[in-house]
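Step one of this worksheet: look at the structure below.
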Amino acid sequence: MSERTIAAIATPAGEGALGVIRISGEQAIAVADRVFTAFSGKRLSEMKGYTAAYGIISENGNRLDDAIALVYLAPHSYTGEDTVEISVHGGRLMLRSVLRLILKNGAFLAEAGEFTKRAFLNGKLDLTKAESVMGLISAGSESELRLSRAAHSGKVAKRISVIEQGLVALDASIAAFSDYPDEDIEGLDTQNFLRMLSENEAELQKMLSEYDAGKVLREGVVTAIIGRPNVGKSTLMNMLSGEERSIVTEVAGTTRDVVEETVTVGDITLRLADTAGIHETDDTVESIGVKLARDRIETSQLILAVFDCTSPLSSEDYSLLESVKGKNTVVVLNKNDLADEINDSDLEGFRVVKISAKHGTGYQELSDTIADAAGTSNISPDSAVLLGERQRACAERALDGIKAAIQAIKDGYTIDAVGVCVDDALSALLELTGKRVTNEVTDEIFRRFCVGK
Ligand code: GDP
């Protein structure tokens with residue numbers, strides 16, 4: 001693959017002050033020298049790595065644009081190959097015309113993710129880092145960006161490699177007995193084996209549970225704010241979003257639609273819907289809103305059930321509580337600046353927070369309780385969290401292998417049988433980081449990138 005020199009536009013489509021075209025491969029500098037002429041008269045092939053030249057891009061003597069060419073010499077580049085980055089004015093047609101010229105002069109259009117794939121194949125990054133590149137580019141929330149940064153800095157790879165080293169050491173001990181294939185493992189230090197395997201089992205289990213929390217941090221939580229009319233749902237939503245998004249009014253039943261909003265509470269993005277108040281109604285428009293609210297309870301991952309604590313719970317409140325029982329719910333007792341008439345014993349089994357949405361008090365407690373309900377209180381977006389379903393599946397396979405090895409020891413199987421299970425676990429981890437991975441898997445991973453990455 002590396003024999004082909006590739007090129008692509010590296011900056012997004014659209015207008016920008018600058019646009020960058022990247023060329024990578026053995027012929028990168030020769031190709032760039034055919035289209036770029038430095039004002040200094042110096043050829044790019046005579047330049048050192050990490051140096052830039054100012055000049056023009058021209059085709060048959062016609063100047064296409066002024067340009068800066070930045071030279072990277074292998075292996076000190078993103079891909080690990082000779083690379084030239086050419087910056088020109090960032091218009092779509094401009095970039096296309098320069099790219100076309102570069103392709104005419106010996107480069108091939110890069111496939112999706114090919115630059116990062118080459119970086120991986122040349123040992124510049126492992127798969128956990130490569131996969132974090134997508135998150136760095138497409139992060140939709142601060143937490144997603146921080147999780148991607150942590151993985152890109154190598155934290156995930158490091159955490160996996162500690163487990164991997166433990167399994168390699170186990171494998172080595174097992175191999176030491178391979179001269180005696182019929183030997184029963186009773187004579188070995190099985191207690192030590194079991195201890196090491198159990199430690200790795202616990203660490204993988206922890207990583208898998210943190211994966212779920214990481215997914216919540218990355219993707220956000222679909223959240224419904226529910227409650228009777230006038231309890232302060234819109235005011236709460238405005239408190240969370242910091243802007244007047246829903247209409248707040250003293251006439252009951254004015255929030256008739258589901259208003260979508262994304263807000264960040266602590267580290268979590270809540271994908272909120274402020275719903276019509278849930279109560280029996282004859283008003284047709286309003287009853288559509290009430291149905292939407294009930295649907296929303298079913299489809300939400302988190303429910304903020306709001307009650308007005310200036311009066312005891314009504315029968316409607318009780319039936320609302322009943323409808324969210326067993327669901328991931330935070331009970332929000334609002335208007336606690338006025339009174340506190342709700343009996344705590346009515347709310348047993350629920351997470352309860354008292355706030356005044358109007359005055360913005362109780363926010364921190366609400367934020368902590370939401371993190372608790374969403375399962376993210378124990379992880380920070382800066383920690384080593386597996387990214388994506390592929391990594392999760394590999395970690396789960398490794399865990400299965402370790403569990404099987406533990407069971408094999410407990411059931412008194414031969415050392416070879418234990419070794420096979422440890423090998424399964426090890427190969428799943430090697431696939432996770434990409435140390436041992438098939439071409440099909442690699443192709444599949446990088447196909448998800450877009451051209452130019
Ligand atoms: P919704 O129908 O549940 O969306 O209720 P609204 O958010 O429209 O609020 C109804 C009324 O209660 C408005 O007059 C709000 O100003 C008032 N309100 C909301 N939250 C509080 C609060 O924490 N304290 C006080 N004193 N009034 C509040």
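Order determines the names: the first chain of the structure tokens is A, the second B, and so forth; residues in each chain are numbered 1 upward, and ligands are numbered 1 upward as they are shown.
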Which residues, written as a PyMOL selection string, have at least one atom at most 6 Å from stretch 369-383 of chain A, with only C-alpha atoms counted and residues fewer than 2 positions away on the same chain left out?
chain A and resi 143+146-147+150+213+366-367
Dump as an mmCIF file, in the first residue's frame, selection limited to all heavy atoms:
```cif
data_model
loop_
_atom_site.group_PDB
_atom_site.id
_atom_site.type_symbol
_atom_site.label_atom_id
_atom_site.label_comp_id
_atom_site.auth_asym_id
_atom_site.auth_seq_id
_atom_site.Cartn_x
_atom_site.Cartn_y
_atom_site.Cartn_z
ATOM 1 N N SER A 143 -17.387 16.923 27.116
ATOM 2 C CA SER A 143 -16.994 15.634 27.696
ATOM 3 C C SER A 143 -16.483 14.677 26.624
ATOM 4 O O SER A 143 -15.522 13.948 26.833
ATOM 5 C CB SER A 143 -18.181 14.983 28.414
ATOM 6 O OG SER A 143 -18.454 15.696 29.588
ATOM 7 N N ARG A 146 -13.021 15.654 25.770
ATOM 8 C CA ARG A 146 -12.049 15.292 26.807
ATOM 9 C C ARG A 146 -11.781 13.786 26.814
ATOM 10 O O ARG A 146 -10.632 13.341 26.966
ATOM 11 C CB ARG A 146 -12.546 15.773 28.171
ATOM 12 C CG ARG A 146 -12.322 17.270 28.338
ATOM 13 C CD ARG A 146 -13.103 17.855 29.491
ATOM 14 N NE ARG A 146 -12.724 17.293 30.770
ATOM 15 C CZ ARG A 146 -13.390 17.539 31.909
ATOM 16 N NH1 ARG A 146 -14.450 18.316 31.903
ATOM 17 N NH2 ARG A 146 -12.995 17.003 33.035
ATOM 18 N N LEU A 147 -12.824 12.976 26.608
ATOM 19 C CA LEU A 147 -12.627 11.515 26.545
ATOM 20 C C LEU A 147 -11.731 11.159 25.359
ATOM 21 O O LEU A 147 -10.851 10.292 25.464
ATOM 22 C CB LEU A 147 -13.972 10.804 26.397
ATOM 23 C CG LEU A 147 -14.829 10.723 27.660
ATOM 24 C CD1 LEU A 147 -16.262 10.350 27.313
ATOM 25 C CD2 LEU A 147 -14.251 9.706 28.649
ATOM 26 N N ALA A 150 -8.146 12.074 26.106
ATOM 27 C CA ALA A 150 -7.502 11.130 27.033
ATOM 28 C C ALA A 150 -7.041 9.890 26.262
ATOM 29 O O ALA A 150 -5.919 9.411 26.436
ATOM 30 C CB ALA A 150 -8.466 10.754 28.157
ATOM 31 N N ALA A 213 -20.628 4.257 31.219
ATOM 32 C CA ALA A 213 -20.679 5.636 31.718
ATOM 33 C C ALA A 213 -20.063 6.589 30.684
ATOM 34 O O ALA A 213 -20.574 7.690 30.454
ATOM 35 C CB ALA A 213 -19.944 5.738 33.039
ATOM 36 N N LEU A 366 -28.512 19.100 42.402
ATOM 37 C CA LEU A 366 -29.231 18.513 41.265
ATOM 38 C C LEU A 366 -28.226 17.894 40.280
ATOM 39 O O LEU A 366 -28.402 16.767 39.813
ATOM 40 C CB LEU A 366 -30.069 19.599 40.575
ATOM 41 C CG LEU A 366 -30.875 19.162 39.354
ATOM 42 C CD1 LEU A 366 -31.892 18.077 39.722
ATOM 43 C CD2 LEU A 366 -31.604 20.342 38.720
ATOM 44 N N SER A 367 -27.149 18.634 40.021
ATOM 45 C CA SER A 367 -26.125 18.158 39.087
ATOM 46 C C SER A 367 -25.498 16.846 39.591
ATOM 47 O O SER A 367 -25.341 15.876 38.831
ATOM 48 C CB SER A 367 -25.075 19.253 38.928
ATOM 49 O OG SER A 367 -23.932 18.759 38.320
#
```
Every residue of stretch 33-244 of chain A that DSSP places in helix (DSSP H, G or I), as a PyMOL selection string
chain A and resi 33-35+44-46+92-104+114-121+127-138+142-152+155-176+185-187+190-219+233-241
Nearest residue to ligand 1 out of A:Glu444, A:Asp337, A:Glu396, A:Glu389, using only C-alpha atoms and all ligand atoms?
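When distances to ligand 1 are compared using only C-alpha atoms and all ligand atoms, the smallest one comes from A:Asp337.
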Nearest residue to A:Ala110 from the set A:Leu167, A:Leu240, A:Leu387, A:Cys450 (distances using only C-alpha atoms):
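Of A:Leu167, A:Leu240, A:Leu387, A:Cys450, the one nearest A:Ala110 is A:Cys450, counting only C-alpha atoms.
Here atom CA of A:Tyr50 and atom CA of A:Arg22 stand 14.1 Å from one another.
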DSSP on the backbone: which residues in stretch 15-207 of chain A end up as strand (DSSP E or B)? Give the answer as an NGL selection string.
:A and (16-24 or 36-38 or 51-59 or 62-72 or 83-90 or 108-109 or 112)
One-decimal distance in Å that lies between atom CA of A:Ala428 and atom CA of A:Ala408
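Atom-to-atom, atom CA of A:Ala408 to atom CA of A:Ala428, that is 18.6 Å.
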List as a PyMOL selection string the protein and nucleic acid residues near A:Leu44, meaning an atom at most 12 Å away when only C-alpha atoms are counted, but skip any in the same chain fewer than 5 places from it.
chain A and resi 27-39+49-55+68-73+82-86
Write out as a CSV table (one decimal) with C-alpha atoms, in the first residue's frame each polymer residue whose atoms come within 9 Å of stretch 300-307 of chain A, counting only C-alpha atoms; drop sequence neighbours fewer than 6 positions from it.
```
chain,number,residue,atom,x,y,z
A,221,VAL,CA,-28.9,11.3,28.1
A,222,VAL,CA,-32.3,11.6,26.6
A,223,THR,CA,-34.2,13.3,29.5
A,224,ALA,CA,-37.8,14.2,30.1
A,225,ILE,CA,-38.9,16.9,32.5
A,226,ILE,CA,-42.4,15.9,33.6
A,227,GLY,CA,-44.9,17.1,36.2
A,228,ARG,CA,-48.3,18.8,36.6
A,231,VAL,CA,-44.9,23.1,39.1
A,232,GLY,CA,-42.0,25.0,37.4
A,233,LYS,CA,-40.9,22.6,34.6
A,236,LEU,CA,-36.3,24.5,35.6
A,270,LEU,CA,-28.9,16.3,28.8
A,313,LEU,CA,-48.7,15.7,46.9
A,317,ASP,CA,-48.8,13.6,41.7
A,320,LEU,CA,-47.3,10.4,38.2
A,321,LEU,CA,-44.9,8.9,40.8
A,324,VAL,CA,-42.1,6.5,36.9
A,327,LYS,CA,-37.5,4.1,35.8
A,328,ASN,CA,-34.3,6.2,36.2
A,329,THR,CA,-35.9,9.1,37.9
A,330,VAL,CA,-34.8,12.2,39.9
A,331,VAL,CA,-37.6,13.7,41.9
A,332,VAL,CA,-37.2,17.5,41.9
A,333,LEU,CA,-39.1,19.3,44.6
A,334,ASN,CA,-39.4,22.9,43.3
A,335,LYS,CA,-40.3,26.2,44.8
A,342,ILE,CA,-44.2,17.4,50.9
A,370,ILE,CA,-28.2,13.6,37.9
A,373,ALA,CA,-28.7,8.6,38.3
A,374,ALA,CA,-26.8,8.5,34.9
```
Please determine, counting only C-alpha atoms and all ligand atoms, which residue among A:Leu272, A:Val168, A:Val422, A:Met239 has the shortest atom-to-atom distance to ligand 1.
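Distance minimum relative to ligand 1 lands on A:Met239.
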Using only C-alpha atoms and all ligand atoms, can you tell me which of A:Asp171, A:Asp267, A:Asp308, A:Glu81 comes closest to ligand 1?
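Once distances to ligand 1 are computed over only C-alpha atoms and all ligand atoms, the minimum belongs to A:Asp308.
With only C-alpha atoms as the atoms that count, the residue of A:Asn200, A:Gln391, A:Thr442, A:Asn343 with the shortest distance to A:Val162 is A:Asn200.
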Have a look at atom CA of A:Asp65 and atom CA of A:Val88 and let me know their distance in Å, one decimal.
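Atom-to-atom, atom CA of A:Asp65 and atom CA of A:Val88 are spaced 6.6 Å apart.
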Pick from A:Glu431, A:Asp340, A:Asp126, A:Glu440, whichever lies nearest to ligand 1 using only C-alpha atoms and all ligand atoms:
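The closest residue to ligand 1 is A:Asp340.
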